$ cat upload-v6.txt   # compact mmCIF, C-alpha atoms
# COMPACT_ATOMS: atom_id res chain seq x y z
CA MET A 1 -14.61 2.03 18.29
CA GLY A 2 -17.47 0.12 19.90
CA PHE A 3 -18.67 3.08 21.99
CA ASN A 4 -20.99 5.95 21.15
CA LEU A 5 -23.23 8.52 22.76
CA VAL A 6 -26.16 6.11 23.04
CA ASP A 7 -23.94 3.61 24.88
CA ILE A 8 -23.25 6.19 27.60
CA ASN A 9 -26.61 5.41 29.16
CA GLY A 10 -25.41 1.85 29.66
CA LEU A 11 -22.90 3.13 32.20
CA LYS A 12 -25.75 3.56 34.69
CA ALA A 13 -25.55 -0.17 35.32
CA ILE A 14 -22.26 0.21 37.14
CA SER A 15 -23.23 3.24 39.23
CA ALA A 16 -23.34 1.18 42.43
CA ALA A 17 -19.73 0.12 41.96
CA THR A 18 -18.63 3.70 41.42
CA LYS A 19 -20.24 4.95 44.65
CA LEU A 20 -21.96 7.76 42.79
CA LYS A 21 -24.43 9.81 44.76
CA ASP A 22 -26.39 10.72 41.65
CA LYS A 23 -27.04 7.91 39.18
CA GLN A 24 -28.28 10.11 36.36
CA ILE A 25 -26.15 11.12 33.41
CA VAL A 26 -26.96 14.74 32.70
CA ARG A 27 -26.86 16.26 29.24
CA ILE A 28 -25.15 19.65 29.17
CA SER A 29 -24.97 21.98 26.18
CA ASP A 30 -22.31 24.52 27.16
CA LYS A 31 -20.54 26.13 30.12
CA SER A 32 -23.81 27.64 31.23
CA GLY A 33 -25.32 24.17 31.34
CA LEU A 34 -22.36 22.92 33.37
CA ASN A 35 -22.82 25.75 35.86
CA SER A 36 -26.52 24.94 36.15
CA MET A 37 -25.66 21.31 36.87
CA ILE A 38 -23.16 22.39 39.53
CA ARG A 39 -25.75 24.66 41.18
CA SER A 40 -28.35 21.91 41.16
CA ILE A 41 -26.00 19.38 42.77
CA SER A 42 -24.90 21.89 45.38
CA ASP A 43 -28.47 22.89 46.23
CA ASN A 44 -29.44 19.25 46.78
CA GLN A 45 -26.54 18.25 49.00
CA GLU A 46 -27.39 17.35 52.60
CA GLN A 47 -24.33 19.33 53.63
CA PRO A 48 -21.81 21.21 51.50
CA GLU A 49 -18.92 19.09 50.24
CA PRO A 50 -16.69 19.17 47.17
CA PHE A 51 -17.61 17.10 44.13
CA TYR A 52 -16.50 16.26 40.60
CA ILE A 53 -18.30 16.24 37.28
CA LEU A 54 -16.99 13.86 34.63
CA ASP A 55 -17.88 14.68 31.01
CA LEU A 56 -17.93 11.28 29.30
CA VAL A 57 -18.06 12.84 25.85
CA ALA A 58 -14.76 14.59 26.54
CA VAL A 59 -13.19 11.17 27.11
CA LEU A 60 -14.86 9.87 23.95
CA LYS A 61 -13.48 12.75 21.88
CA LEU A 62 -9.98 12.33 23.30
CA MET A 63 -10.02 8.65 22.40
CA GLY A 64 -11.05 9.67 18.90
CA LYS A 65 -8.19 12.18 18.80
CA TRP A 66 -5.73 9.49 19.86
CA SER A 67 -7.01 7.02 17.27
CA GLN A 68 -6.77 9.63 14.52
CA SER A 69 -3.31 10.92 15.47
CA LEU A 70 -1.65 7.65 16.54
CA PRO A 71 -3.63 4.96 14.72
CA SER A 72 -0.96 2.28 15.10
CA VAL A 73 -0.35 2.89 18.84
CA THR A 74 -2.53 1.05 21.36
CA PRO A 75 -3.12 3.15 24.51
CA PHE A 76 -2.61 1.39 27.85
CA TYR A 77 -4.20 3.96 30.17
CA ALA A 78 -2.14 4.60 33.33
CA VAL A 79 -4.58 3.69 36.10
CA LYS A 80 -2.57 5.63 38.71
CA CYS A 81 -3.59 8.90 37.03
CA ASN A 82 -7.28 8.57 37.91
CA PRO A 83 -8.74 5.20 38.98
CA LYS A 84 -12.44 6.08 39.14
CA PRO A 85 -14.29 2.89 38.04
CA VAL A 86 -16.78 4.67 35.78
CA LEU A 87 -13.87 6.26 33.90
CA LEU A 88 -12.00 2.95 33.65
CA LEU A 89 -15.11 1.20 32.32
CA ALA A 90 -15.65 3.91 29.72
CA LEU A 91 -12.04 3.62 28.55
CA ALA A 92 -12.29 -0.18 28.44
CA ARG A 93 -15.42 0.01 26.29
CA LEU A 94 -13.61 2.47 24.03
CA GLY A 95 -10.93 -0.14 23.40
CA ALA A 96 -8.16 1.06 25.70
CA SER A 97 -5.89 -1.33 27.54
CA PHE A 98 -4.33 -0.57 30.94
CA HIS A 99 -1.02 0.23 32.62
CA CYS A 100 -1.09 -1.13 36.17
CA ALA A 101 1.55 -0.60 38.84
CA SER A 102 0.32 -2.83 41.67
CA GLU A 103 -1.85 -5.76 42.69
CA ALA A 104 -4.68 -3.40 43.63
CA GLU A 105 -4.71 -1.74 40.22
CA ILE A 106 -4.63 -5.11 38.43
CA ALA A 107 -7.52 -6.32 40.60
CA THR A 108 -9.54 -3.17 39.81
CA ILE A 109 -9.16 -3.63 36.06
CA ILE A 110 -9.92 -7.36 36.12
CA SER A 111 -13.02 -6.71 38.26
CA LEU A 112 -14.38 -4.64 35.36
CA GLY A 113 -14.24 -7.69 33.09
CA VAL A 114 -11.09 -6.64 31.23
CA SER A 115 -9.00 -9.50 29.88
CA PRO A 116 -5.55 -9.80 31.53
CA ASP A 117 -3.91 -9.66 28.11
CA ARG A 118 -4.99 -5.99 28.01
CA ILE A 119 -2.84 -5.20 31.05
CA VAL A 120 0.85 -4.34 31.22
CA TYR A 121 2.29 -4.61 34.72
CA ALA A 122 4.47 -1.57 34.12
CA ASN A 123 6.25 -1.18 37.45
CA PRO A 124 9.96 -1.97 36.96
CA ILE A 125 10.36 -2.97 40.64
CA LYS A 126 7.64 -5.22 42.02
CA GLN A 127 6.72 -6.73 45.37
CA VAL A 128 6.80 -10.51 45.41
CA SER A 129 3.16 -10.78 46.53
CA HIS A 130 2.13 -8.62 43.57
CA ILE A 131 4.13 -10.79 41.16
CA LYS A 132 2.36 -13.87 42.53
CA TYR A 133 -0.99 -12.15 42.02
CA ALA A 134 -0.10 -11.34 38.41
CA ALA A 135 0.77 -15.02 37.91
CA ARG A 136 -2.57 -16.15 39.38
CA THR A 137 -4.60 -13.75 37.25
CA GLY A 138 -2.77 -14.33 33.97
CA VAL A 139 -1.10 -10.93 33.64
CA ASN A 140 1.96 -11.93 31.65
CA LEU A 141 3.53 -8.70 30.34
CA THR A 142 5.80 -6.55 32.48
CA VAL A 143 8.89 -4.33 32.45
CA PHE A 144 12.33 -4.60 34.08
CA ASP A 145 15.61 -2.72 34.26
CA SER A 146 17.80 -4.80 36.60
CA LYS A 147 19.21 -8.31 36.98
CA GLU A 148 17.78 -8.59 40.48
CA GLU A 149 14.26 -7.99 39.21
CA MET A 150 14.69 -10.70 36.58
CA ASP A 151 15.84 -13.17 39.23
CA LYS A 152 12.76 -12.36 41.31
CA MET A 153 10.39 -12.77 38.37
CA LYS A 154 12.03 -16.02 37.25
CA LYS A 155 11.36 -17.48 40.69
CA TRP A 156 7.75 -16.35 41.09
CA HIS A 157 6.33 -15.91 37.58
CA SER A 158 8.53 -17.55 34.97
CA GLU A 159 5.83 -17.17 32.29
CA LEU A 160 6.22 -13.41 32.21
CA GLU A 161 7.13 -11.75 28.94
CA LEU A 162 9.51 -8.87 29.51
CA LEU A 163 9.96 -5.37 28.17
CA LEU A 164 13.40 -3.91 28.81
CA ARG A 165 12.89 -0.43 30.31
CA ILE A 166 15.62 1.87 28.98
CA LYS A 167 16.67 5.31 30.12
CA VAL A 168 15.68 8.11 27.75
CA PRO A 169 18.65 10.21 26.54
CA ASN A 170 18.53 13.85 27.68
CA ASP A 171 15.09 13.64 29.28
CA THR A 172 15.50 16.85 31.30
CA THR A 173 13.11 18.78 29.04
CA SER A 174 10.10 17.01 30.55
CA TRP A 175 8.38 18.54 33.56
CA ARG A 176 9.52 15.59 35.69
CA SER A 177 12.07 13.15 34.28
CA PHE A 178 12.17 9.51 35.37
CA GLY A 179 15.74 8.64 34.41
CA ALA A 180 17.12 9.01 37.93
CA LYS A 181 14.82 6.24 39.18
CA TYR A 182 14.06 3.93 36.23
CA GLY A 183 15.58 2.78 32.98
CA ALA A 184 18.67 0.85 31.96
CA ALA A 185 21.62 2.97 30.86
CA THR A 186 23.21 2.25 27.48
CA ASP A 187 26.08 0.22 28.95
CA GLU A 188 23.64 -1.90 30.98
CA ILE A 189 21.53 -3.12 28.07
CA ILE A 190 23.71 -5.95 26.77
CA PRO A 191 24.49 -7.38 30.25
CA LEU A 192 20.77 -7.36 31.05
CA LEU A 193 19.88 -9.11 27.80
CA LYS A 194 22.58 -11.72 28.41
CA HIS A 195 21.22 -12.33 31.91
CA ALA A 196 17.72 -12.79 30.53
CA ARG A 197 19.03 -15.32 28.02
CA GLN A 198 20.89 -17.17 30.77
CA LEU A 199 17.71 -17.35 32.87
CA GLY A 200 15.57 -18.41 29.93
CA MET A 201 13.31 -15.36 30.34
CA ARG A 202 11.62 -13.99 27.22
CA VAL A 203 12.43 -10.37 26.40
CA VAL A 204 9.77 -9.42 23.84
CA GLY A 205 10.37 -5.71 23.50
CA VAL A 206 11.61 -2.38 24.80
CA SER A 207 9.91 0.22 26.97
CA PHE A 208 10.70 3.85 27.76
CA HIS A 209 9.05 6.88 29.34
CA VAL A 210 10.13 10.41 28.42
CA GLY A 211 8.89 11.83 31.74
CA SER A 212 5.76 13.57 32.91
CA LYS A 213 4.37 16.27 30.60
CA ALA A 214 6.82 16.38 27.71
CA THR A 215 7.60 19.92 26.57
CA GLU A 216 9.13 19.09 23.17
CA ALA A 217 8.47 16.44 20.55
CA ASP A 218 12.05 15.53 19.68
CA ILE A 219 12.51 13.66 22.95
CA TYR A 220 10.36 10.87 21.48
CA HIS A 221 12.59 10.79 18.40
CA ARG A 222 15.68 10.32 20.58
CA ALA A 223 13.98 7.68 22.69
CA ILE A 224 12.82 5.67 19.66
CA ILE A 225 16.37 5.68 18.27
CA ALA A 226 17.62 4.38 21.64
CA ALA A 227 14.93 1.69 21.61
CA ARG A 228 16.00 0.55 18.15
CA LEU A 229 19.59 0.18 19.35
CA ALA A 230 18.31 -2.10 22.12
CA PHE A 231 16.39 -4.16 19.53
CA ASP A 232 19.60 -4.47 17.50
CA ALA A 233 21.57 -5.53 20.58
CA ALA A 234 19.17 -8.45 21.12
CA THR A 235 19.55 -9.43 17.46
CA GLN A 236 23.37 -9.38 17.77
CA LEU A 237 23.06 -11.70 20.79
CA GLU A 238 20.93 -14.04 18.63
CA MET A 239 17.99 -13.75 20.98
CA PRO A 240 14.43 -14.32 19.72
CA ALA A 241 13.21 -11.32 17.71
CA MET A 242 11.53 -8.64 19.81
CA HIS A 243 8.18 -7.31 18.60
CA ILE A 244 6.80 -4.79 21.16
CA LEU A 245 7.74 -1.12 21.49
CA ASN A 246 6.28 0.73 24.48
CA ILE A 247 6.64 4.50 24.06
CA GLY A 248 5.36 5.29 27.57
CA GLY A 249 3.54 8.49 28.50
CA GLY A 250 4.19 12.21 28.82
CA PHE A 251 1.23 13.25 26.62
CA LYS A 252 -1.13 16.16 27.24
CA ALA A 253 -4.25 17.08 25.28
CA ASN A 254 -2.72 20.29 23.93
CA GLN A 255 -1.30 21.67 20.69
CA LEU A 256 2.04 19.93 21.24
CA PHE A 257 0.31 16.55 21.01
CA ASP A 258 -0.08 16.87 17.23
CA GLU A 259 3.64 17.52 16.84
CA ILE A 260 4.49 14.63 19.16
CA ALA A 261 2.20 12.29 17.22
CA LYS A 262 3.85 13.22 13.93
CA THR A 263 7.31 12.74 15.45
CA VAL A 264 6.35 9.32 16.83
CA ASN A 265 4.79 8.17 13.57
CA ASP A 266 7.73 9.39 11.47
CA SER A 267 10.34 7.95 13.83
CA ILE A 268 8.72 4.53 13.96
CA ALA A 269 8.44 4.48 10.18
CA GLU A 270 12.12 5.44 9.88
CA PHE A 271 13.67 3.16 12.47
CA PHE A 272 11.28 0.18 12.68
CA HIS A 273 10.11 -0.19 9.06
CA ASP A 274 11.87 -3.56 8.80
CA ILE A 275 9.84 -5.10 11.66
CA PRO A 276 6.39 -5.58 10.08
CA SER A 277 5.04 -7.47 13.09
CA LEU A 278 5.91 -4.63 15.48
CA LYS A 279 3.25 -3.84 18.09
CA VAL A 280 3.46 -0.30 19.44
CA ILE A 281 1.83 0.58 22.76
CA ALA A 282 1.83 3.68 24.98
CA GLU A 283 0.95 4.56 28.57
CA PRO A 284 -1.05 7.83 28.46
CA GLY A 285 -2.63 9.04 31.67
CA ARG A 286 -3.46 12.73 31.88
CA PHE A 287 -4.12 12.91 28.10
CA PHE A 288 -7.47 11.14 28.54
CA VAL A 289 -8.65 12.55 31.86
CA GLU A 290 -7.17 15.94 32.72
CA THR A 291 -9.69 18.04 30.79
CA ALA A 292 -12.65 15.70 31.33
CA PHE A 293 -13.15 16.51 35.03
CA THR A 294 -14.47 19.69 36.65
CA MET A 295 -14.43 20.16 40.41
CA ALA A 296 -16.70 22.29 42.58
CA THR A 297 -15.52 23.40 46.02
CA ASN A 298 -17.24 25.42 48.72
CA VAL A 299 -15.95 28.66 50.22
CA ILE A 300 -15.90 27.81 53.93
CA GLY A 301 -14.02 30.81 55.29
CA LYS A 302 -13.10 34.39 54.47
CA ARG A 303 -10.84 37.07 55.88
CA VAL A 304 -10.10 40.60 54.65
CA ARG A 305 -6.53 41.59 55.34
CA GLY A 306 -5.49 44.98 53.99
CA ASP A 307 -6.05 45.11 50.24
CA GLN A 308 -6.31 41.33 49.96
CA ILE A 309 -9.17 38.93 50.59
CA GLN A 310 -8.26 35.44 51.80
CA TYR A 311 -10.55 32.46 51.28
CA TRP A 312 -10.67 28.92 52.61
CA ILE A 313 -12.21 26.09 50.56
CA ASP A 314 -13.07 22.53 51.60
CA ASP A 315 -10.23 20.80 49.74
CA GLY A 316 -6.54 21.57 49.48
CA ILE A 317 -3.05 20.33 48.72
CA TYR A 318 -3.51 17.22 50.88
CA GLY A 319 -6.47 16.27 48.71
CA SER A 320 -7.32 17.06 45.11
CA PHE A 321 -4.85 19.95 44.85
CA ASN A 322 -1.73 18.00 45.80
CA THR A 323 -0.18 18.77 42.41
CA SER A 324 -0.59 22.52 42.93
CA ALA A 325 2.18 22.34 45.51
CA PHE A 326 4.78 21.46 42.88
CA ASP A 327 3.13 21.76 39.46
CA SER A 328 4.13 24.94 37.62
CA SER A 329 1.08 24.88 35.34
CA CYS A 330 -1.59 27.52 35.85
CA MET A 331 -4.91 26.56 37.38
CA VAL A 332 -8.16 27.44 35.66
CA PHE A 333 -10.92 28.39 38.08
CA GLN A 334 -14.00 30.56 38.37
CA PRO A 335 -16.24 31.68 41.24
CA LEU A 336 -19.86 30.63 41.10
CA LYS A 337 -22.06 32.70 43.35
CA ASN A 338 -25.05 31.06 44.97
CA THR A 339 -27.15 34.16 44.34
CA GLU A 340 -27.80 36.14 41.19
CA GLU A 341 -27.44 39.49 42.94
CA ASN A 342 -25.61 42.30 41.13
CA ASP A 343 -23.97 43.82 44.18
CA GLU A 344 -21.45 46.24 42.65
CA GLU A 345 -19.04 45.82 45.56
CA ARG A 346 -18.90 42.07 44.99
CA LEU A 347 -18.08 42.57 41.30
CA VAL A 348 -14.87 44.46 42.11
CA ILE A 349 -11.79 42.36 41.27
CA THR A 350 -9.47 42.08 44.27
CA SER A 351 -6.17 40.44 45.07
CA SER A 352 -6.95 37.07 46.64
CA THR A 353 -5.38 33.95 48.11
CA ILE A 354 -7.13 30.57 48.35
CA PHE A 355 -6.26 28.26 51.24
CA GLY A 356 -7.14 24.61 51.79
CA PRO A 357 -8.95 23.41 54.95
CA THR A 358 -6.09 21.89 56.95
CA CYS A 359 -4.12 23.56 59.73
CA ASP A 360 -0.90 23.49 57.71
CA SER A 361 0.30 26.91 56.57
CA LEU A 362 1.64 25.26 53.40
CA ASP A 363 -1.91 24.35 52.39
CA ILE A 364 -2.24 27.10 49.79
CA VAL A 365 -4.25 26.22 46.69
CA VAL A 366 -3.72 29.48 44.76
CA LYS A 367 -1.57 32.42 45.83
CA GLU A 368 -1.96 36.02 44.66
CA CYS A 369 -4.83 35.63 42.20
CA LYS A 370 -7.54 38.07 41.10
CA LEU A 371 -11.17 37.34 41.99
CA PRO A 372 -14.46 39.15 42.46
CA GLU A 373 -15.42 39.16 46.12
CA MET A 374 -17.06 35.93 47.32
CA ASN A 375 -19.00 34.93 50.40
CA THR A 376 -18.89 31.75 52.45
CA ASP A 377 -21.95 30.36 50.70
CA ASP A 378 -20.37 30.60 47.23
CA LEU A 379 -18.72 27.93 45.09
CA LEU A 380 -15.31 28.00 43.48
CA VAL A 381 -15.14 25.82 40.35
CA PHE A 382 -11.87 24.34 39.07
CA TYR A 383 -11.43 22.97 35.57
CA ASN A 384 -9.01 20.36 34.14
CA MET A 385 -9.04 18.43 37.43
CA GLY A 386 -8.87 14.84 36.16
CA ALA A 387 -5.18 14.00 36.50
CA TYR A 388 -3.45 13.05 39.75
CA THR A 389 -5.99 14.66 42.07
CA THR A 390 -7.75 12.43 44.64
CA THR A 391 -5.57 9.52 43.55
CA ALA A 392 -2.75 11.07 45.63
CA ALA A 393 -4.92 12.39 48.48
CA THR A 394 -4.13 11.87 52.17
CA LYS A 395 -6.06 11.92 55.47
CA PHE A 396 -4.00 14.76 56.88
CA SER A 397 -5.75 16.75 59.63
CA GLY A 398 -8.60 14.24 59.49
CA PHE A 399 -9.96 15.40 56.13
CA GLN A 400 -11.09 12.41 54.06
CA ARG A 401 -10.78 13.29 50.39
CA PHE A 402 -10.40 9.86 48.73
CA GLU A 403 -14.07 9.37 47.92
CA ILE A 404 -15.22 12.75 46.68
CA PRO A 405 -18.54 12.21 44.84
CA THR A 406 -18.46 12.11 41.05
CA TYR A 407 -21.44 13.03 38.87
CA LEU A 408 -21.74 12.14 35.21
CA ALA A 409 -22.45 14.46 32.31
CA TYR A 410 -22.20 14.31 28.58
CA SER A 411 -21.77 17.45 26.56
CA GLN A 412 -23.47 18.09 23.23

$ encode --input "upload-v6.txt" --output "structure tokens"
Amino acid sequence: MGFNLVDINGLKAISAATKLKDKQIVRISDKSGLNSMIRSISDNQEQPEPFYILDLVAVLKLMGKWSQSLPSVTPFYAVKCNPKPVLLLALARLGASFHCASEAEIATIISLGVSPDRIVYANPIKQVSHIKYAARTGVNLTVFDSKEEMDKMKKWHSELELLLRIKVPNDTTSWRSFGAKYGAATDEIIPLLKHARQLGMRVVGVSFHVGSKATEADIYHRAIIAARLAFDAATQLEMPAMHILNIGGGFKANQLFDEIAKTVNDSIAEFFHDIPSLKVIAEPGRFFVETAFTMATNVIGKRVRGDQIQYWIDDGIYGSFNTSAFDSSCMVFQPLKNTEENDEERLVITSSTIFGPTCDSLDIVVKECKLPEMNTDDLLVFYNMGAYTTTAATKFSGFQRFEIPTYLAYSQ
């Protein structure tokens, strides 16, 4: 794949661009090694602040998993999920392409030396200034689902090749469906294709997205059938043959992924076997990054109230934990004491609540959990923190959580 463990050391060259505070890439052997790295970073901080550790080998292994399970599907990583430059460079060197939603994301990817033909401008509704930027930089593949968007693109970037974004049938099984906002309904497909033909715009394929975090594999089967019907509609209108199928995102690095991959492979073989030149792409985000990042936070406050202990940490739902406010998935976390004492009272498991640092009473990171007692000089470590964390952070209450330091590791 053009990337291996030895190449990881080459990532040091871009450390200045990533604003890393530690330019070393640390080798870790197991969870104990990760904890030692966290302690070392914490001990050497000028003042306590939260930080991330990115395991580059985890990204490498996930790319290998993708290539093995979906060998004919080119991943266009969704930059919005986690735009850290060191991560983007690693993915680029691994052979990934990129899903960009704005001028800023396109500029970030191009600044890393990625060719514009490895970018899909995958926002169905675009600002004119961003369309002009795509035209200037040679980004020529995008999506649409309305006549008005086609008119806009014809005026400002007539060289664009278009993917018709369709609505996925019965997409309510995903954690968050997108059909209410994006995607052409079945009865809109032919009018949209006719309008593209009238404008002289080139529709080269079909795009769909099953929604965030798919919970069943068959949704991809239904979506691929719907995509084939859109291909057939273009053929019936005697439009130039389409050759790109974009199966979107919704993937997680869990057991369901194997079932989804089999469903995708089987469905494409069944419904697109007669299009030998078909190019299949996807837009995975959290699949590549969710499990690759670990976050360390500091316990900055503590209060005992009845049988419960309440803690405050230095990040919350207006920062890296914004998804905890509406994500039903369980967090994985562990206290890391700054001393090795065996105080029996501190080993007792108690009912606990973890608050973020802002003055908003809604800023609750974890409610009603079980923890051994901690002190205000301890760390609380969160795992699987790579997807949609600081990328959606705010400056609420004056807490700046956009540029949390990231340290690099590679596991053995």

$ closest_atom_pairs --input "upload-v6.txt" --of "region 274-358 of chain A" --to "region 22-44 of chain A" --cutoff "10 Å" --atoms "only C-alpha atoms" --output "tab-separated table"
residue	atom	partner	partner_atom	distance
A:Thr294	CA	A:Leu34	CA	9.1
A:Met295	CA	A:Ile38	CA	9.1
A:Ala296	CA	A:Ile38	CA	7.1
A:Thr297	CA	A:Ser42	CA	9.5
A:Asn298	CA	A:Ser42	CA	9.1
A:Leu336	CA	A:Asn35	CA	7.7
A:Lys337	CA	A:Arg39	CA	9.1
A:Asn338	CA	A:Arg39	CA	7.5

$ residues_near_point --input "upload-v6.txt" --point "(20.1, -10.0, 33.9)" --cutoff "7 Å" --atoms "all atoms listed in the file" --output "count of residues only"
9

$ residues_around --input "upload-v6.txt" --residues "Arg165 (chain A)" --least-positions-apart "5" --cutoff "8 Å" --atoms "all atoms listed in the file" --output "list in words"
Pro124, Val143, Phe144, Asp145, Tyr182, Gly183, Ala184, Val206, Ser207 and Phe208 of chain A

$ residues_around --input "upload-v6.txt" --residues "Ile109 (chain A)" --least-positions-apart "2" --cutoff "9 Å" --atoms "all atoms listed in the file" --output "number ranges by chain"
A: 79, 85, 88-89, 92, 98, 100, 104-107, 111-116, 119

$ residues_around --input "upload-v6.txt" --residues "region 392-404 of chain A" --least-positions-apart "6" --cutoff "6 Å" --atoms "all atoms listed in the file" --output "list in words"
Phe51, Tyr318, Gly319 and Thr358 of chain A

$ closest_residue --input "upload-v6.txt" --among "A:Thr390, A:Ser277, A:Asn375, A:Ser361" --to "Phe321 (chain A)" --atoms "only C-alpha atoms"
A:Thr390

$ closest_residue --input "upload-v6.txt" --among "A:Leu379, A:Ile309, A:Ala387, A:Leu160" --to "Lys367 (chain A)" --atoms "all atoms listed in the file"
A:Ile309

$ residues_around --input "upload-v6.txt" --residues "region 331-335 of chain A" --least-positions-apart "5" --cutoff "6 Å" --atoms "only C-alpha atoms" --output "list of chain:residue names"
A:Leu379, A:Leu380, A:Val381, A:Phe382, A:Tyr383

$ residues_around --input "upload-v6.txt" --residues "Asn140 (chain A)" --least-positions-apart "5" --cutoff "10 Å" --atoms "only C-alpha atoms" --output "number ranges by chain"
A: 116-121, 131, 134-135, 157-162

$ closest_residue --input "upload-v6.txt" --among "A:Gln127, A:Thr137, A:Gln310, A:Thr186" --to "Leu229 (chain A)" --atoms "all atoms listed in the file"
A:Thr186

$ closest_residue --input "upload-v6.txt" --among "A:Leu163, A:Ser69, A:Asn384, A:Ile313" --to "Glu259 (chain A)" --atoms "all atoms listed in the file"
A:Ser69

$ closest_residue --input "upload-v6.txt" --among "A:Arg136, A:Leu91, A:Lys302, A:Asp266" --to "Tyr77 (chain A)" --atoms "all atoms listed in the file"
A:Leu91
